[in-house]
Amino acid sequence: MQFYFAPMEGVTSAIYRRTHRAYFPGVEKYFMPFITPTATGRLTPRQLRDIAPAANEGVPAVPQLLTRTAADFIWAANALFDMGYAEVNLNLGCPSGTVTAKGKGAGFLADPDGLDRFFDAVFAACQGRISVKTRLGLRDPAEFDRLIAVYNRYPIAELTIHPRVRQDFYKGPVRAADFAAALPRLCMPVCYNGDVTRQAEAHAIRKRWPGVEAIMIGRGLIADPSLITRLAGGPRADKQTLEAFHNTLYAHYCDAFGDRRIAVQRMKEIWFYHIGLFAASEKHGKAIKKSRTADEYERAAAAVYRDLDLLENLAPIWFRPV
C-alpha cells in the first residue's frame, strides 16, 4: 500500500512539501495544488516558483493541471515532462463553484463525451504518465457508469477516486457502496481519497478493499503530519518533533515572504487542522486565531506545544481561524 499527500490550495506549497519531507518520511507522492494552463503556452513566474524542480528537490512531487481544453493540457503537461516530472495529474475533483461553472474540475464530469474527446487528444500527444483525480459524478453517483467506460478506454496511470459527487462537496459520509461497486470494473490502479484522518480508517480501507493500491490523505495529514509515517511503519511524532517542524516551517515562510505577518496568516491556515491534535485546545486555539502580531502568534503557538497533551486521535471539530 502506498500513501500520498493530497494537494491543498494555500497550504501544501513547495515550502510546506520540502519541510514536511525533511521531518516525516513515508509519503510516496506529494500532489501539488493545481495550476490552470492557458492558451498563452507558457507557465507564469508564480506557477514556476512552486513547480520548478529546484523548488521540489528531494520531494516526489506530482504536478496537477486543471483544464477542460486538451490543447492547454498538452502543452503544459509536455512542459512539465520536459522539466523532469514523470507524472502529471488531471484534476476532475475540485467542487468549487467558480471552477465547475466553467466546466472544469468536477464540472467536466457532466460532459463524458467531451471528456472522451479530451482524453483521445491528450493521450495521443503527451509523452509521460497521466493520472486522474475524480469524483463519482456531478449530481448522482449513477453518472460514474458512463465515466468508467470513458476512463477504461485510455492508459490512465492511476485513478484517484473521492467517493462523493460534486454536490456533496466535502459534507456527509463518503459514498462507500458506490465506490465498492465501481472498483472491480476499473482497468487501472486505483487510489482512495476521502476523510482519512486516523490510522484505523486507513487500515479499514486496506482491509475492506484490498484492490486499492494507494490512499491519498489531505486534511488529516495537515492536522497530524506524522500520520503517513506511522502508516508506513514509523514512529508517531512527539510534541518536540511537531514543534520543531512548526518552527522550521514558520521560519521558511518568514524568509520566503519577507514579512512575518504574511507568514502568520499562512500558519493560521495550518492551525485550522493542526489544533485538533491537542486535548482541551479551545482556549489556545482562540489565542492563535486572535493573534494580531507575529509576536502574539509565536507566543500562542509555543503555548500549545508547552501546555497541551497530544490526543490519540484527532478531535472531531477543528477550530476555524479567520
# chains A, B, ... in the order shown; residues from 1 in each chain; ligands from 1
call {"tool": "residues_around", "arguments": {"residues": "Pro112 of chain A", "least_positions_apart": "6", "cutoff": "12 Å", "atoms": "only C-alpha atoms", "output": "ChimeraX atom specification"}}
result
/A:68,92,103,106,118-119,137-138,143-151
call {"tool": "closest_atom_pairs", "arguments": {"of": "segment 38-103 of chain A", "to": "segment 158-177 of chain A", "cutoff": "12 Å", "atoms": "only C-alpha atoms", "output": "CSV"}}
result
residue,atom,partner,partner_atom,distance
A:Glu87,CA,A:Glu158,CA,10.0
A:Val88,CA,A:Glu158,CA,10.5
A:Asn89,CA,A:Glu158,CA,9.0
A:Leu90,CA,A:Leu159,CA,9.7
A:Asn91,CA,A:Thr160,CA,9.7
A:Leu92,CA,A:Ile161,CA,9.6
A:Gly93,CA,A:His162,CA,7.3
A:Cys94,CA,A:Arg166,CA,7.8
A:Pro95,CA,A:Arg166,CA,5.2
A:Ser96,CA,A:Phe169,CA,8.1
A:Gly97,CA,A:Arg166,CA,9.5
A:Val99,CA,A:Arg166,CA,11.2
A:Thr100,CA,A:Arg166,CA,8.8
A:Ala101,CA,A:Arg166,CA,11.7
A:Gly103,CA,A:Arg166,CA,12.0
call {"tool": "closest_residue", "arguments": {"among": "A:Ile270, A:Ala142, A:Ala315, A:Ile262", "to": "Thr293 of chain A", "atoms": "only C-alpha atoms"}}
result
A:Ile262
call {"tool": "select_by_dssp", "arguments": {"residues": "segment 17-95 of chain A", "states": "strand (DSSP E or B)", "output": "PyMOL selection string"}}
result
chain A and resi 29-31+35+61-62+64-65+87-92
call {"tool": "closest_residue", "arguments": {"among": "A:Thr38, A:Ser13, A:Ala86, A:Met267", "to": "Ile51 of chain A", "atoms": "only C-alpha atoms"}}
result
A:Ser13
call {"tool": "atom_distance", "arguments": {"atom1": "atom CA of Ala280 of chain A", "atom2": "atom CA of Leu314 of chain A"}}
result
11.8 Å
call {"tool": "closest_residue", "arguments": {"among": "A:Asp50, A:Asp116, A:Asp259, A:Glu28", "to": "Ala70 of chain A", "atoms": "only C-alpha atoms"}}
result
A:Asp116
call {"tool": "residues_around", "arguments": {"residues": "Ile15 of chain A", "least_positions_apart": "4", "cutoff": "8 Å", "atoms": "only C-alpha atoms", "output": "JSON, numbers by chain"}}
result
{"A": [19, 55, 249, 252, 253]}
call {"tool": "residues_around", "arguments": {"residues": "Ala6 of chain A", "least_positions_apart": "6", "cutoff": "9 Å", "atoms": "only C-alpha atoms", "output": "number ranges by chain"}}
result
A: 12, 29-33, 193, 216-219, 221
call {"tool": "select_by_dssp", "arguments": {"residues": "segment 123-191 of chain A", "states": "helix (DSSP H, G or I)", "output": "list in words"}}
result
Phe123, Ala124, Ala125, Pro141, Ala142, Glu143, Phe144, Asp145, Arg146, Leu147, Ile148, Ala149, Val150, Tyr151, Arg166, Gln167, Asp168, Ala176, Ala177, Asp178, Phe179, Ala180, Ala181, Ala182, Leu183, Pro184 and Arg185 of chain A
call {"tool": "write_last_selection", "arguments": {"atoms": "N, CA and C atoms", "output": "PDB file, in the first residue's frame"}}
result
ATOM      1  N   PHE A 123      -3.906  11.762 -24.828  1.00  0.00           N
ATOM      2  CA  PHE A 123      -3.069  10.558 -24.809  1.00  0.00           C
ATOM      3  C   PHE A 123      -2.360  10.335 -26.143  1.00  0.00           C
ATOM      4  N   ALA A 124      -2.831  10.969 -27.190  1.00  0.00           N
ATOM      5  CA  ALA A 124      -2.131  10.880 -28.473  1.00  0.00           C
ATOM      6  C   ALA A 124      -0.935  11.815 -28.536  1.00  0.00           C
ATOM      7  N   ALA A 125      -0.909  12.831 -27.664  1.00  0.00           N
ATOM      8  CA  ALA A 125       0.104  13.878 -27.804  1.00  0.00           C
ATOM      9  C   ALA A 125       1.046  14.023 -26.614  1.00  0.00           C
ATOM     10  N   PRO A 141     -24.261   9.540  -8.226  1.00  0.00           N
ATOM     11  CA  PRO A 141     -23.207   8.548  -8.445  1.00  0.00           C
ATOM     12  C   PRO A 141     -23.489   7.599  -9.603  1.00  0.00           C
ATOM     13  N   ALA A 142     -24.744   7.533 -10.061  1.00  0.00           N
ATOM     14  CA  ALA A 142     -25.051   6.713 -11.241  1.00  0.00           C
ATOM     15  C   ALA A 142     -24.317   7.236 -12.477  1.00  0.00           C
ATOM     16  N   GLU A 143     -23.908   8.506 -12.448  1.00  0.00           N
ATOM     17  CA  GLU A 143     -23.147   9.079 -13.563  1.00  0.00           C
ATOM     18  C   GLU A 143     -21.803   8.380 -13.747  1.00  0.00           C
ATOM     19  N   PHE A 144     -21.324   7.715 -12.705  1.00  0.00           N
ATOM     20  CA  PHE A 144     -19.998   7.107 -12.787  1.00  0.00           C
ATOM     21  C   PHE A 144     -19.962   5.929 -13.758  1.00  0.00           C
ATOM     22  N   ASP A 145     -21.114   5.315 -14.036  1.00  0.00           N
ATOM     23  CA  ASP A 145     -21.147   4.221 -15.017  1.00  0.00           C
ATOM     24  C   ASP A 145     -20.596   4.692 -16.360  1.00  0.00           C
ATOM     25  N   ARG A 146     -21.067   5.829 -16.807  1.00  0.00           N
ATOM     26  CA  ARG A 146     -20.608   6.365 -18.093  1.00  0.00           C
ATOM     27  C   ARG A 146     -19.144   6.804 -18.007  1.00  0.00           C
ATOM     28  N   LEU A 147     -18.764   7.350 -16.877  1.00  0.00           N
ATOM     29  CA  LEU A 147     -17.387   7.807 -16.719  1.00  0.00           C
ATOM     30  C   LEU A 147     -16.415   6.630 -16.692  1.00  0.00           C
ATOM     31  N   ILE A 148     -16.807   5.519 -16.084  1.00  0.00           N
ATOM     32  CA  ILE A 148     -15.954   4.322 -16.071  1.00  0.00           C
ATOM     33  C   ILE A 148     -15.659   3.878 -17.498  1.00  0.00           C
ATOM     34  N   ALA A 149     -16.683   3.891 -18.343  1.00  0.00           N
ATOM     35  CA  ALA A 149     -16.482   3.476 -19.734  1.00  0.00           C
ATOM     36  C   ALA A 149     -15.456   4.370 -20.433  1.00  0.00           C
ATOM     37  N   VAL A 150     -15.484   5.664 -20.124  1.00  0.00           N
ATOM     38  CA  VAL A 150     -14.506   6.587 -20.704  1.00  0.00           C
ATOM     39  C   VAL A 150     -13.122   6.305 -20.144  1.00  0.00           C
ATOM     40  N   TYR A 151     -13.007   6.216 -18.829  1.00  0.00           N
ATOM     41  CA  TYR A 151     -11.701   6.017 -18.200  1.00  0.00           C
ATOM     42  C   TYR A 151     -11.032   4.725 -18.687  1.00  0.00           C
ATOM     43  N   ARG A 166     -20.048  15.991  -6.901  1.00  0.00           N
ATOM     44  CA  ARG A 166     -19.715  17.404  -6.701  1.00  0.00           C
ATOM     45  C   ARG A 166     -20.686  18.069  -5.739  1.00  0.00           C
ATOM     46  N   GLN A 167     -21.973  17.731  -5.833  1.00  0.00           N
ATOM     47  CA  GLN A 167     -22.979  18.367  -4.995  1.00  0.00           C
ATOM     48  C   GLN A 167     -22.776  18.078  -3.519  1.00  0.00           C
ATOM     49  N   ASP A 168     -22.037  17.014  -3.205  1.00  0.00           N
ATOM     50  CA  ASP A 168     -21.744  16.702  -1.800  1.00  0.00           C
ATOM     51  C   ASP A 168     -20.694  17.642  -1.218  1.00  0.00           C
ATOM     52  N   ALA A 176     -19.499   4.986   0.109  1.00  0.00           N
ATOM     53  CA  ALA A 176     -18.664   3.788   0.106  1.00  0.00           C
ATOM     54  C   ALA A 176     -19.232   2.685  -0.777  1.00  0.00           C
ATOM     55  N   ALA A 177     -20.552   2.508  -0.780  1.00  0.00           N
ATOM     56  CA  ALA A 177     -21.160   1.442  -1.576  1.00  0.00           C
ATOM     57  C   ALA A 177     -20.932   1.687  -3.069  1.00  0.00           C
ATOM     58  N   ASP A 178     -21.022   2.931  -3.488  1.00  0.00           N
ATOM     59  CA  ASP A 178     -20.806   3.246  -4.899  1.00  0.00           C
ATOM     60  C   ASP A 178     -19.340   3.042  -5.276  1.00  0.00           C
ATOM     61  N   PHE A 179     -18.433   3.386  -4.372  1.00  0.00           N
ATOM     62  CA  PHE A 179     -17.015   3.140  -4.621  1.00  0.00           C
ATOM     63  C   PHE A 179     -16.756   1.647  -4.752  1.00  0.00           C
ATOM     64  N   ALA A 180     -17.336   0.863  -3.841  1.00  0.00           N
ATOM     65  CA  ALA A 180     -17.137  -0.588  -3.865  1.00  0.00           C
ATOM     66  C   ALA A 180     -17.667  -1.194  -5.162  1.00  0.00           C
ATOM     67  N   ALA A 181     -18.796  -0.701  -5.643  1.00  0.00           N
ATOM     68  CA  ALA A 181     -19.382  -1.240  -6.877  1.00  0.00           C
ATOM     69  C   ALA A 181     -18.531  -0.900  -8.096  1.00  0.00           C
ATOM     70  N   ALA A 182     -17.880   0.250  -8.064  1.00  0.00           N
ATOM     71  CA  ALA A 182     -17.087   0.682  -9.212  1.00  0.00           C
ATOM     72  C   ALA A 182     -15.720   0.007  -9.264  1.00  0.00           C
ATOM     73  N   LEU A 183     -15.164  -0.301  -8.117  1.00  0.00           N
ATOM     74  CA  LEU A 183     -13.772  -0.738  -8.042  1.00  0.00           C
ATOM     75  C   LEU A 183     -13.437  -1.923  -8.955  1.00  0.00           C
ATOM     76  N   PRO A 184     -14.221  -3.018  -8.956  1.00  0.00           N
ATOM     77  CA  PRO A 184     -13.846  -4.154  -9.809  1.00  0.00           C
ATOM     78  C   PRO A 184     -14.038  -3.910 -11.299  1.00  0.00           C
ATOM     79  N   ARG A 185     -14.658  -2.819 -11.656  1.00  0.00           N
ATOM     80  CA  ARG A 185     -14.929  -2.529 -13.067  1.00  0.00           C
ATOM     81  C   ARG A 185     -13.867  -1.646 -13.699  1.00  0.00           C
TER      82      ARG A 185
END
call {"tool": "atom_distance", "arguments": {"atom1": "atom CA of Lys283 of chain A", "atom2": "atom CA of Lys239 of chain A"}}
result
18.3 Å
call {"tool": "residues_around", "arguments": {"residues": "Thr67 of chain A", "least_positions_apart": "6", "cutoff": "7 Å", "atoms": "only C-alpha atoms", "output": "count of residues only"}}
result
4
call {"tool": "closest_residue", "arguments": {"among": "A:Asn313, A:Asp238, A:Phe108, A:Glu213", "to": "Thr197 of chain A", "atoms": "only C-alpha atoms"}}
result
A:Asn313
